[in-house]
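Structure file final_26.txt; described as compact mmCIF, C-alpha atoms.
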```txt
# COMPACT_ATOMS: atom_id res chain seq x y z
CA MET Y 611 0.00 0.00 0.00
CA ARG Y 612 1.47 3.35 -1.04
CA THR Y 613 1.19 5.64 1.97
CA GLN Y 614 4.08 8.03 1.30
CA HIS Y 615 2.89 11.63 1.61
CA PRO Y 616 4.48 14.85 2.85
CA ARG Y 617 1.65 15.40 5.33
CA ASP Y 618 0.70 13.22 8.27
CA ALA Y 619 -2.73 12.33 9.61
CA SER Y 620 -2.77 14.99 12.35
CA PRO Y 621 -5.22 17.27 10.44
CA LEU Y 622 -7.90 14.62 11.07
CA ALA Y 623 -7.86 15.54 14.74
CA ALA Y 624 -9.02 19.07 13.92
CA LEU Y 625 -12.09 17.86 12.01
CA SER Y 626 -15.54 17.10 13.35
CA PRO Y 627 -16.44 13.39 13.73
CA ALA Y 628 -18.58 13.56 10.57
CA GLU Y 629 -15.87 15.32 8.54
CA SER Y 630 -13.12 12.96 9.70
CA ALA Y 631 -15.34 9.97 8.88
CA ARG Y 632 -15.88 11.23 5.32
CA LEU Y 633 -12.17 11.84 4.80
CA MET Y 634 -11.27 8.44 6.26
CA ALA Y 635 -13.67 6.82 3.79
CA VAL Y 636 -11.78 8.49 0.94
CA ILE Y 637 -8.43 7.39 2.41
CA ARG Y 638 -9.68 3.81 2.80
CA GLU Y 639 -10.96 3.62 -0.78
CA ALA Y 640 -7.62 4.89 -2.07
CA ALA Y 641 -5.79 2.33 0.05
CA LEU Y 642 -7.96 -0.53 -1.25
CA SER Y 643 -7.29 0.51 -4.83
CA ARG Y 644 -3.55 1.02 -4.10
CA GLY Y 645 -3.91 4.63 -5.22
CA ARG Y 646 -2.39 7.85 -3.93
CA LEU Y 647 -3.74 8.72 -0.48
CA PRO Y 648 -4.98 12.27 0.25
CA LEU Y 649 -3.57 11.70 3.74
CA PRO Y 650 -1.88 8.61 5.16
CA ALA Y 651 -3.89 6.53 7.57
CA ARG Y 652 -2.61 6.44 11.13
CA PRO Y 653 0.30 3.96 11.28
CA VAL Y 654 -1.58 1.38 13.38
CA ILE Y 655 -4.56 1.55 10.98
CA GLY Y 656 -2.48 1.51 7.80
CA ALA Y 657 -0.52 -1.52 9.03
CA SER Y 658 -3.76 -3.33 9.86
CA TRP Y 659 -5.19 -2.55 6.41
CA ASP Y 660 -2.04 -3.97 4.85
CA ARG Y 661 -2.53 -7.19 6.83
CA MET Y 662 -6.15 -7.45 5.69
CA LEU Y 663 -5.21 -6.86 2.04
CA ARG Y 664 -2.59 -9.62 2.22
CA LEU Y 665 -5.21 -11.93 3.78
CA GLY Y 666 -7.66 -11.13 0.99
CA LEU Y 667 -10.40 -10.28 3.51
CA ASP Y 668 -13.69 -9.10 1.98
CA PRO Y 669 -13.71 -5.30 2.60
CA ASP Y 670 -17.52 -5.16 2.56
CA ARG Y 671 -18.50 -8.03 4.86
CA GLY Y 672 -15.40 -9.67 6.35
CA ARG Y 673 -15.86 -13.35 7.22
CA ALA Y 674 -18.81 -15.14 8.81
CA PRO Y 675 -18.26 -14.91 12.61
CA GLN Y 676 -19.47 -18.47 13.44
CA PRO Y 677 -20.60 -17.78 17.03
CA LEU Y 678 -19.85 -20.19 19.84
CA GLY Y 679 -22.46 -22.50 21.27
CA LEU Y 680 -23.75 -21.71 24.76
CA ASP Y 681 -21.83 -24.57 26.40
CA GLU Y 682 -18.51 -23.46 24.89
CA LEU Y 683 -19.22 -19.81 25.76
CA GLU Y 684 -19.88 -20.73 29.40
CA ARG Y 685 -16.75 -22.89 29.50
CA ARG Y 686 -14.60 -20.00 28.30
CA ARG Y 687 -16.21 -17.65 30.81
CA ARG Y 688 -15.41 -20.04 33.66
CA GLN Y 689 -11.81 -20.60 32.61
CA THR Y 690 -10.67 -17.05 31.88
CA ARG Y 691 -9.00 -14.95 34.55
CA LEU Y 692 -10.97 -12.01 33.18
CA ALA Y 693 -13.90 -13.35 35.21
CA GLU Y 694 -11.94 -12.54 38.38
CA VAL Y 695 -11.85 -8.84 37.48
CA LEU Y 696 -15.27 -8.58 35.86
CA PRO Y 697 -16.61 -6.35 38.70
CA THR Y 698 -13.57 -4.07 38.31
CA LEU Y 699 -14.15 -3.76 34.57
CA GLN Y 700 -17.84 -3.04 35.07
CA ASP Y 701 -17.11 -0.41 37.73
CA GLY Y 702 -14.61 1.27 35.45
CA LEU Y 703 -16.55 1.30 32.20
CA LEU Y 704 -20.21 0.33 32.35
CA GLU Y 705 -21.68 3.56 33.72
CA ALA Y 706 -19.67 5.71 31.31
CA ALA Y 707 -20.58 3.46 28.37
CA GLU Y 708 -24.30 3.65 29.11
CA ALA Y 709 -24.17 7.43 29.62
CA ALA Y 710 -22.54 7.84 26.19
CA ALA Y 711 -25.00 5.43 24.50
CA HIS Y 712 -22.23 2.87 24.03
CA ILE Y 713 -21.66 -0.74 25.05
CA MET Y 714 -18.90 -2.46 27.01
CA ILE Y 715 -17.40 -5.62 25.48
CA ILE Y 716 -15.00 -8.16 26.97
CA ALA Y 717 -13.32 -10.60 24.57
CA ASP Y 718 -10.81 -13.39 25.14
CA ALA Y 719 -7.36 -13.70 23.56
CA GLU Y 720 -8.83 -15.30 20.42
CA GLY Y 721 -11.23 -12.42 19.89
CA ARG Y 722 -14.30 -14.32 21.09
CA ILE Y 723 -16.76 -11.99 22.82
CA LEU Y 724 -17.49 -13.29 26.32
CA TRP Y 725 -19.63 -10.50 27.77
CA ILE Y 726 -21.53 -7.48 26.45
CA ASP Y 727 -23.37 -4.92 28.54
CA GLY Y 728 -24.45 -1.31 28.21
CA HIS Y 729 -27.02 0.78 26.35
CA ARG Y 730 -29.98 -1.39 25.29
CA GLY Y 731 -30.66 0.42 22.02
CA VAL Y 732 -27.04 0.14 20.95
CA ARG Y 733 -27.01 -3.54 21.87
CA ARG Y 734 -29.90 -4.06 19.45
CA GLN Y 735 -27.91 -2.27 16.75
CA ALA Y 736 -24.90 -4.44 17.59
CA ASP Y 737 -26.96 -7.56 16.87
CA GLY Y 738 -27.17 -6.43 13.24
CA ILE Y 739 -23.39 -6.65 12.75
CA ALA Y 740 -22.93 -9.87 14.77
CA LEU Y 741 -21.42 -7.94 17.68
CA VAL Y 742 -22.89 -10.45 20.12
CA GLU Y 743 -21.69 -12.75 22.88
CA GLY Y 744 -19.85 -15.73 21.41
CA SER Y 745 -19.06 -14.13 18.04
CA HIS Y 746 -15.52 -13.91 16.64
CA TRP Y 747 -13.88 -10.49 16.23
CA ALA Y 748 -10.24 -11.31 15.53
CA GLU Y 749 -8.69 -9.31 12.69
CA ASP Y 750 -8.76 -12.20 10.22
CA VAL Y 751 -12.54 -12.43 10.70
CA ALA Y 752 -13.78 -8.87 11.31
CA GLY Y 753 -10.87 -6.89 9.88
CA THR Y 754 -9.51 -3.73 11.48
CA SER Y 755 -11.48 -3.11 14.68
CA GLY Y 756 -10.90 -2.17 18.28
CA ILE Y 757 -11.06 -5.78 19.47
CA GLY Y 758 -9.15 -7.46 16.67
CA THR Y 759 -6.46 -4.85 16.17
CA ALA Y 760 -5.78 -4.42 19.91
CA LEU Y 761 -5.26 -8.18 20.04
CA ALA Y 762 -2.99 -8.10 17.00
CA VAL Y 763 -0.71 -5.29 18.21
CA LYS Y 764 -1.16 -5.97 21.96
CA SER Y 765 -1.65 -2.26 22.58
CA PRO Y 766 -4.62 0.08 23.14
CA VAL Y 767 -6.28 1.06 19.87
CA ARG Y 768 -9.11 3.36 18.80
CA VAL Y 769 -10.78 2.57 15.46
CA HIS Y 770 -13.20 5.22 14.26
CA SER Y 771 -15.75 4.96 11.45
CA ALA Y 772 -14.09 4.27 8.06
CA GLU Y 773 -10.86 3.22 9.79
CA HIS Y 774 -12.65 -0.14 10.06
CA PHE Y 775 -11.49 -2.24 7.12
CA VAL Y 776 -14.98 -3.75 6.67
CA SER Y 777 -17.41 -1.13 5.38
CA ALA Y 778 -20.35 -2.67 7.28
CA PHE Y 779 -18.82 -1.28 10.49
CA HIS Y 780 -18.26 2.30 9.34
CA THR Y 781 -21.10 3.67 11.45
CA TRP Y 782 -19.29 2.45 14.57
CA SER Y 783 -16.42 3.69 16.70
CA CYS Y 784 -14.57 1.52 19.18
CA ALA Y 785 -11.73 1.77 21.66
CA ALA Y 786 -10.04 -1.30 23.12
CA ALA Y 787 -7.12 -2.17 25.37
CA PRO Y 788 -5.49 -5.56 26.05
CA VAL Y 789 -5.37 -7.16 29.50
CA HIS Y 790 -2.37 -9.34 30.36
CA ASP Y 791 -1.87 -11.90 33.11
CA PRO Y 792 0.85 -10.37 35.35
CA ARG Y 793 2.03 -13.84 36.36
CA ASP Y 794 3.38 -14.78 32.93
CA GLY Y 795 2.60 -11.87 30.60
CA ARG Y 796 0.07 -13.98 28.71
CA LEU Y 797 -2.59 -12.04 26.81
CA LEU Y 798 -5.95 -12.71 28.47
CA GLY Y 799 -8.09 -10.67 26.10
CA VAL Y 800 -9.30 -7.13 25.52
CA ILE Y 801 -11.87 -4.74 26.94
CA ASP Y 802 -13.68 -2.51 24.48
CA VAL Y 803 -16.19 0.33 24.43
CA SER Y 804 -18.10 0.64 21.16
CA GLY Y 805 -20.97 2.74 19.88
CA PRO Y 806 -22.24 5.00 17.12
CA ALA Y 807 -19.43 6.89 15.41
CA GLY Y 808 -21.36 10.15 15.53
CA THR Y 809 -21.39 10.27 19.34
CA ALA Y 810 -17.92 8.81 20.00
CA HIS Y 811 -15.39 10.81 22.00
CA PRO Y 812 -11.62 10.29 21.54
CA THR Y 813 -10.98 10.33 25.30
CA VAL Y 814 -12.77 6.99 25.69
CA LEU Y 815 -9.50 5.25 24.78
CA SER Y 816 -7.82 6.74 27.86
CA LEU Y 817 -10.66 5.45 30.04
CA VAL Y 818 -10.50 1.97 28.55
CA THR Y 819 -6.69 1.85 28.90
CA ALA Y 820 -6.80 3.00 32.53
CA THR Y 821 -9.44 0.38 33.34
CA ALA Y 822 -7.33 -2.36 31.73
CA ARG Y 823 -4.34 -1.33 33.87
CA TRP Y 824 -6.60 -1.26 36.94
CA ALA Y 825 -7.72 -4.82 36.21
CA GLU Y 826 -4.11 -5.97 35.78
CA GLY Y 827 -3.32 -4.36 39.14
CA GLU Y 828 -6.09 -6.42 40.76
CA LEU Y 829 -4.68 -9.59 39.23
CA ARG Y 830 -1.20 -8.63 40.40
CA LEU Y 831 -2.43 -8.21 43.99
CA ALA Y 832 -4.12 -11.62 43.85
CA HIS Y 833 -0.86 -13.17 42.65
CA SER Y 834 1.07 -11.46 45.47
CA ARG Y 835 -1.27 -13.05 47.99
CA GLU Y 836 -0.69 -16.47 46.39
CA LEU Y 837 3.09 -16.00 46.62
CA GLU Y 838 2.84 -15.02 50.29
CA GLY Y 839 1.07 -18.30 50.98
CA LEU Y 840 3.78 -20.23 49.15
CA ARG Y 841 6.51 -18.39 51.09
CA ALA Y 842 4.97 -19.57 54.33
CA VAL Y 843 5.28 -23.15 53.09
CA ALA Y 844 8.77 -22.66 51.66
CA ALA Y 845 10.54 -20.98 54.60
CA PRO Y 846 10.77 -23.98 57.01
CA LEU Y 847 11.47 -26.34 54.13
CA LEU Y 848 14.41 -24.31 52.78
CA ALA Y 849 15.85 -23.91 56.29
CA ARG Y 850 16.47 -27.68 56.43
CA ILE Y 851 18.15 -27.95 53.02
CA HIS Y 852 21.94 -28.04 52.63
CA GLY Y 853 22.93 -26.88 49.17
CA LYS Y 854 21.24 -24.78 46.51
CA ALA Y 855 17.47 -24.72 46.16
CA VAL Y 856 14.70 -22.43 44.95
CA VAL Y 857 10.95 -22.52 45.58
CA VAL Y 858 8.82 -21.19 42.72
CA ASP Y 859 5.12 -21.04 41.94
CA GLN Y 860 3.57 -22.71 38.90
CA HIS Y 861 4.62 -19.76 36.73
CA GLY Y 862 8.25 -19.62 37.90
CA TRP Y 863 7.96 -16.69 40.35
CA ILE Y 864 10.42 -17.13 43.19
CA ALA Y 865 9.00 -17.54 46.69
CA GLY Y 866 12.23 -18.51 48.48
CA VAL Y 867 15.89 -19.44 47.93
CA THR Y 868 18.83 -20.94 49.75
CA GLY Y 869 22.45 -21.13 48.61
CA VAL Y 870 21.82 -19.36 45.29
CA THR Y 871 20.94 -15.84 44.14
CA PRO Y 872 19.02 -15.83 40.84
CA ARG Y 873 19.35 -12.60 38.86
CA GLU Y 874 15.62 -12.40 38.18
CA ARG Y 875 12.47 -12.68 40.29
CA ARG Y 876 11.04 -15.26 37.90
CA LEU Y 877 12.56 -18.40 36.38
CA LEU Y 878 11.65 -19.91 33.03
CA LEU Y 879 10.12 -23.36 33.54
CA PRO Y 880 9.54 -26.12 30.96
CA LYS Y 881 6.00 -26.43 29.63
CA ALA Y 882 6.08 -30.23 29.62
CA PRO Y 883 5.39 -32.25 32.80
CA TYR Y 884 8.50 -32.92 34.84
CA ASP Y 885 9.90 -36.45 34.66
CA GLY Y 886 13.30 -36.55 36.29
CA PRO Y 887 15.81 -33.67 36.35
CA VAL Y 888 15.10 -30.59 34.25
CA TRP Y 889 17.48 -28.03 32.84
CA LEU Y 890 16.66 -24.37 33.46
CA PRO Y 891 18.31 -21.43 31.70
CA ALA Y 892 19.16 -19.60 34.94
CA LEU Y 893 20.18 -22.53 37.18
CA GLY Y 894 21.24 -25.47 35.02
CA ALA Y 895 20.17 -29.01 35.95
CA CYS Y 896 17.63 -29.24 38.80
CA ALA Y 897 15.67 -31.93 40.57
CA VAL Y 898 12.00 -30.99 40.94
CA GLU Y 899 9.74 -31.76 43.88
CA PRO Y 900 6.07 -30.75 43.98
CA LEU Y 901 4.78 -28.32 46.60
CA PRO Y 902 1.27 -26.99 47.22
CA GLY Y 903 1.02 -24.20 44.65
CA GLY Y 904 4.52 -24.60 43.25
CA HIS Y 905 7.78 -26.53 43.00
CA LEU Y 906 10.99 -27.06 44.96
CA LEU Y 907 14.01 -26.91 42.61
CA ARG Y 908 17.19 -28.51 43.94
CA VAL Y 909 20.22 -27.43 41.90
CA LEU Y 910 22.32 -30.41 40.80
CA ASP Y 911 25.81 -28.94 40.80
CA GLY Y 912 28.38 -30.51 38.50
CA GLU Y 913 25.88 -31.97 36.05
CA THR Y 914 26.07 -29.23 33.44
CA SER Y 915 28.60 -28.79 30.69
CA GLU Y 916 31.02 -25.92 30.27
CA GLY Y 917 28.51 -24.24 27.97
CA GLY Y 918 25.85 -24.17 30.70
CA GLY Y 919 23.70 -27.21 29.85
CA PRO Y 920 24.09 -30.91 29.22
CA ALA Y 921 26.65 -31.42 26.46
CA GLY Y 922 25.40 -31.47 22.90
CA TRP Y 923 21.71 -31.02 23.60
CA GLY Y 924 18.94 -28.52 23.07
CA ASP Y 925 17.45 -26.47 20.25
CA LEU Y 926 16.50 -22.80 20.21
CA LEU Y 927 13.88 -21.27 17.93
CA LEU Y 928 14.02 -17.49 17.62
CA ASP Y 929 10.62 -16.49 16.22
CA VAL Y 930 10.59 -12.97 14.75
CA ARG Y 931 7.81 -13.44 12.20
CA HIS Y 932 5.40 -11.08 13.95
CA PRO Y 933 6.08 -7.32 13.73
CA HIS Y 934 5.18 -6.73 17.40
CA ARG Y 935 5.83 -10.04 19.21
CA TRP Y 936 9.04 -12.08 19.33
CA THR Y 937 9.78 -15.27 21.26
CA LEU Y 938 12.66 -17.58 22.08
CA THR Y 939 11.70 -21.25 22.53
CA PHE Y 940 14.07 -23.85 23.96
CA SER Y 941 13.40 -27.56 23.40
CA GLY Y 942 15.35 -30.31 25.11
CA PRO Y 943 14.95 -33.73 26.71
CA SER Y 944 13.39 -32.26 29.85
CA GLY Y 945 10.79 -30.09 28.17
CA THR Y 946 10.17 -26.83 26.38
CA TRP Y 947 10.05 -23.23 27.55
CA THR Y 948 9.18 -20.06 25.69
CA HIS Y 949 10.32 -16.56 26.61
CA GLU Y 950 8.73 -13.43 25.13
CA LEU Y 951 11.44 -11.00 24.05
CA SER Y 952 11.73 -7.25 24.13
CA ALA Y 953 12.64 -5.49 20.89
CA ARG Y 954 16.26 -5.08 22.06
CA GLN Y 955 16.56 -8.75 23.08
CA ALA Y 956 15.22 -9.83 19.67
CA GLU Y 957 17.80 -7.60 17.96
CA VAL Y 958 20.67 -9.04 20.02
CA LEU Y 959 19.67 -12.65 19.46
CA LEU Y 960 19.21 -12.09 15.73
CA VAL Y 961 22.73 -10.65 15.52
CA LEU Y 962 24.19 -13.55 17.51
CA ALA Y 963 22.32 -16.07 15.34
CA ALA Y 964 23.81 -14.41 12.25
CA HIS Y 965 27.31 -14.53 13.79
CA PRO Y 966 27.82 -17.96 15.39
CA GLU Y 967 31.49 -17.13 15.96
CA GLY Y 968 30.38 -14.46 18.42
CA ARG Y 969 30.57 -10.67 18.77
CA THR Y 970 32.57 -8.47 21.09
CA ALA Y 971 30.88 -5.68 23.03
CA ALA Y 972 32.27 -3.15 20.55
CA GLN Y 973 31.00 -5.15 17.59
CA LEU Y 974 27.54 -5.44 19.13
CA ALA Y 975 27.54 -1.70 19.81
CA GLN Y 976 28.26 -1.12 16.12
CA ASP Y 977 25.59 -3.68 15.15
CA LEU Y 978 22.89 -2.15 17.35
CA PHE Y 979 23.70 1.56 17.44
CA GLY Y 980 26.21 2.22 14.67
CA ASP Y 981 28.62 3.36 17.41
CA PRO Y 982 31.33 0.95 18.66
CA THR Y 983 31.96 3.09 21.78
CA ARG Y 984 28.58 2.28 23.34
CA THR Y 985 29.88 -0.81 25.07
CA VAL Y 986 28.44 0.10 28.49
CA THR Y 987 24.93 0.07 27.02
CA VAL Y 988 25.62 -3.27 25.33
CA ARG Y 989 26.98 -4.88 28.49
CA ALA Y 990 23.92 -3.72 30.45
CA ALA Y 991 21.60 -5.18 27.80
CA MET Y 992 23.52 -8.47 27.75
CA SER Y 993 23.43 -8.66 31.54
CA ARG Y 994 19.64 -8.37 31.49
CA LEU Y 995 19.37 -10.98 28.74
CA ARG Y 996 21.73 -13.39 30.51
CA GLY Y 997 19.61 -12.97 33.64
CA ARG Y 998 16.70 -14.48 31.72
CA VAL Y 999 18.36 -17.02 29.42
CA GLY Y 1000 21.90 -17.11 30.74
CA ALA Y 1001 22.63 -20.79 30.22
CA VAL Y 1002 22.01 -20.59 26.46
CA LEU Y 1003 24.49 -17.74 26.05
CA ALA Y 1004 28.26 -17.68 26.30
CA HIS Y 1005 30.58 -14.69 26.51
CA ARG Y 1006 34.11 -13.58 25.59
CA PRO Y 1007 32.89 -13.10 22.92
CA TYR Y 1008 29.11 -12.97 23.27
CA ARG Y 1009 27.59 -15.93 21.38
CA ILE Y 1010 25.04 -18.72 21.49
CA ALA Y 1011 26.37 -21.49 23.75
CA ASP Y 1012 28.12 -24.34 21.94
CA SER Y 1013 25.72 -26.88 23.50
CA VAL Y 1014 22.72 -25.27 21.84
CA ARG Y 1015 21.54 -25.17 18.22
CA ILE Y 1016 19.59 -22.11 17.07
CA ALA Y 1017 17.16 -21.61 14.19
CA VAL Y 1018 15.35 -18.42 13.16
CA ALA Y 1019 11.73 -18.16 11.99
CA SER Y 1020 11.67 -15.02 9.85
CA PRO Y 1021 8.80 -13.13 8.17
CA ASP Y 1022 7.82 -14.09 4.64
CA HIS Y 1023 8.83 -10.62 3.47
CA PRO Y 1024 12.43 -9.68 4.48
CA THR Y 1025 11.45 -6.01 4.80
CA GLU Y 1026 9.13 -6.99 7.71
CA LEU Y 1027 12.01 -8.26 9.86
CA LEU Y 1028 11.74 -6.24 13.10
CA PRO Y 1029 10.17 -3.40 11.07
CA HIS Y 1030 10.54 -0.80 13.83
CA SER Y 1031 14.23 -1.49 14.46
CA SER Y 1032 16.80 1.08 13.34
CA ALA Y 1033 19.80 -1.12 14.22
CA PRO Y 1034 22.33 -1.21 11.34
CA ALA Y 1035 22.73 -4.99 11.61
CA ILE Y 1036 18.98 -5.55 11.33
CA ALA Y 1037 18.80 -3.25 8.30
CA HIS Y 1038 21.56 -5.38 6.73
CA LEU Y 1039 19.65 -8.61 7.44
CA ARG Y 1040 16.52 -7.15 5.81
CA GLY Y 1041 18.49 -6.84 2.59
CA MET Y 1042 19.52 -10.50 2.56
CA PRO Y 1043 17.43 -12.88 0.41
CA SER Y 1044 17.08 -15.36 3.26
CA PHE Y 1045 18.16 -15.70 6.83
```
structure tokens encoding of this file:
Amino acid sequence: MRTQHPRDASPLAALSPAESARLMAVIREAALSRGRLPLPARPVIGASWDRMLRLGLDPDRGRAPQPLGLDELERRRRQTRLAEVLPTLQDGLLEAAEAAAHIMIIADAEGRILWIDGHRGVRRQADGIALVEGSHWAEDVAGTSGIGTALAVKSPVRVHSAEHFVSAFHTWSCAAAPVHDPRDGRLLGVIDVSGPAGTAHPTVLSLVTATARWAEGELRLAHSRELEGLRAVAAPLLARIHGKAVVVDQHGWIAGVTGVTPRERRLLLPKAPYDGPVWLPALGACAVEPLPGGHLLRVLDGETSEGGGPAGWGDLLLDVRHPHRWTLTFSGPSGTWTHELSARQAEVLLVLAAHPEGRTAAQLAQDLFGDPTRTVTVRAAMSRLRGRVGAVLAHRPYRIADSVRIAVASPDHPTELLPHSSAPAIAHLRGMPSF
């Protein structure tokens, strides 16, 4: 989609809702026809339109939503942690949504709508576009929308009128924000306020975002209480242990230690059930014993290789296919763990994967910043990364440990490799035919 233009989309903010809707309709039609845009769409909207065009989604109707049956809807409601903060979400949004003739929507991480409440008249209108409990509003079904696009980019998003890719939704405006589980960072779903475009107010996004953060705070407090209970169990147990041991909850959060000082408050644990010793990135080989609400990890000193893990074992998959989400997955005899990466961590690991011989701090500084003198910044970044996945990294020079094999899952289009990165090394990799 050709979006180059000397002006940006800021003039839209000065227009009335009706005027901005008319101009957005013109921009959308130009984008669909790959023509010259009178103004570029906002970056988050333009990127979403590009995704929909590549998918071949019908711009008039989208895809059939195929709503869930009642039994499956109730099952999802019971299992989601969003149910624990439902009163918080209602307190934060419902009254404001009804006063503005809007509705409040809560969807899970797949874009399935679990709950809808709010203005009765608007709920009846929502029925006409399948905006109902159990329906599917992920981007690949409903196109660019508050629910689907917030899930895709994992950030708060407002989609107004003709910014919706599907024309059937152009009379609507929506604002949505994701909610994450503070225990493991997993995306739980989104909360959304939607209603007629003509009465929408841009500040609703701030309200929705603040309510999402409030809900995450409630979940964080609940997790803190769970950890306190585990600490009470761990303290007398650890006092009797000679050697190195760590007590963690089911998600790897540390509740107690003896004989060892992990760099992080949370350890990466294998996804597979434990059967015998496991190998953890931060500790090496450990024996695992179950505890109420967690695990006791006894460090087995002397059973790891010079590289940090059992000799000659383990595979890493660095997945950088998504423009906004990057992961590192380790697979070995004792299980699999996946770590979500920051943008900087993804850059570093990509560079190390491209240079198996390793990189010095000065070389990494050149790779990341175009300035070989920024070694202090590089060492700080590597220290943080080694705190999370230390046993799969080696240093002097920095490199992937010899005991680990690494593969990279790259985007189909090389230009989409970490598209927001300005690192010289990443720009070089984008120009390579394959990586």
For CA of Ala832 in chain Y and CA of Asp791 in chain Y, the interatomic separation in Å (one decimal): 11.0 Å
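Close contacts of His1023 in chain Y, defined as residues with an atom at most 12 Å away when counting only C-alpha atoms, with chain neighbours fewer than 4 positions off set aside, comprise Arg664, Val930, Arg931, His932, Pro933, Ala1019, Leu1027, Leu1028, Pro1029, Leu1039, Arg1040, Gly1041, Met1042, Pro1043, Ser1044 and Phe1045 of chain Y.
Among Y:Ala740, Y:Ala1017, Y:Ala820, Y:Leu962, the residue with the shortest atom-to-atom distance to Phe940 in chain Y, counting only C-alpha atoms, is Y:Ala1017.
Between CA of Val776 in chain Y and CA of Ala752 in chain Y the separation is 7.0 Å.
Going from CA of Ser765 in chain Y to CA of His790 in chain Y covers 10.5 Å.
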Contact residues around range 703-711 of chain Y with all atoms listed in the file at 9 Å, ignoring same-chain residues under 6 positions, as an mmCIF file with C-alpha atoms, keeping the file's coordinate frame:
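Done, and the output landed in out.cif:
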```
data_model
loop_
_atom_site.group_PDB
_atom_site.id
_atom_site.type_symbol
_atom_site.label_atom_id
_atom_site.label_comp_id
_atom_site.auth_asym_id
_atom_site.auth_seq_id
_atom_site.Cartn_x
_atom_site.Cartn_y
_atom_site.Cartn_z
ATOM 1 C CA ASP Y 727 -23.370 -4.920 28.540
ATOM 2 C CA GLY Y 728 -24.450 -1.310 28.210
ATOM 3 C CA HIS Y 729 -27.020 0.780 26.350
ATOM 4 C CA ARG Y 730 -29.980 -1.390 25.290
ATOM 5 C CA GLY Y 731 -30.660 0.420 22.020
ATOM 6 C CA VAL Y 732 -27.040 0.140 20.950
ATOM 7 C CA VAL Y 803 -16.190 0.330 24.430
ATOM 8 C CA SER Y 804 -18.100 0.640 21.160
ATOM 9 C CA GLY Y 805 -20.970 2.740 19.880
ATOM 10 C CA PRO Y 806 -22.240 5.000 17.120
ATOM 11 C CA THR Y 809 -21.390 10.270 19.340
ATOM 12 C CA ALA Y 810 -17.920 8.810 20.000
ATOM 13 C CA HIS Y 811 -15.390 10.810 22.000
ATOM 14 C CA VAL Y 814 -12.770 6.990 25.690
ATOM 15 C CA LEU Y 817 -10.660 5.450 30.040
ATOM 16 C CA VAL Y 818 -10.500 1.970 28.550
ATOM 17 C CA THR Y 821 -9.440 0.380 33.340
#
```
Shell around Ala865 in chain Y at 8 Å using all atoms listed in the file, local window under 2 positions removed, as a list in words: Leu837, Glu838, Leu840, Arg841, Ala844, Val856, Val857, Val858, Asp859, Trp863 and Val867 of chain Y
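Omitting Ser1032 in chain Y and its sequence neighbours fewer than 4 positions away, and counting all atoms listed in the file, the residues within 10 Å are Glu957, Leu978, Phe979, Gly980, Leu1028, Ile1036 and Ala1037 of chain Y.
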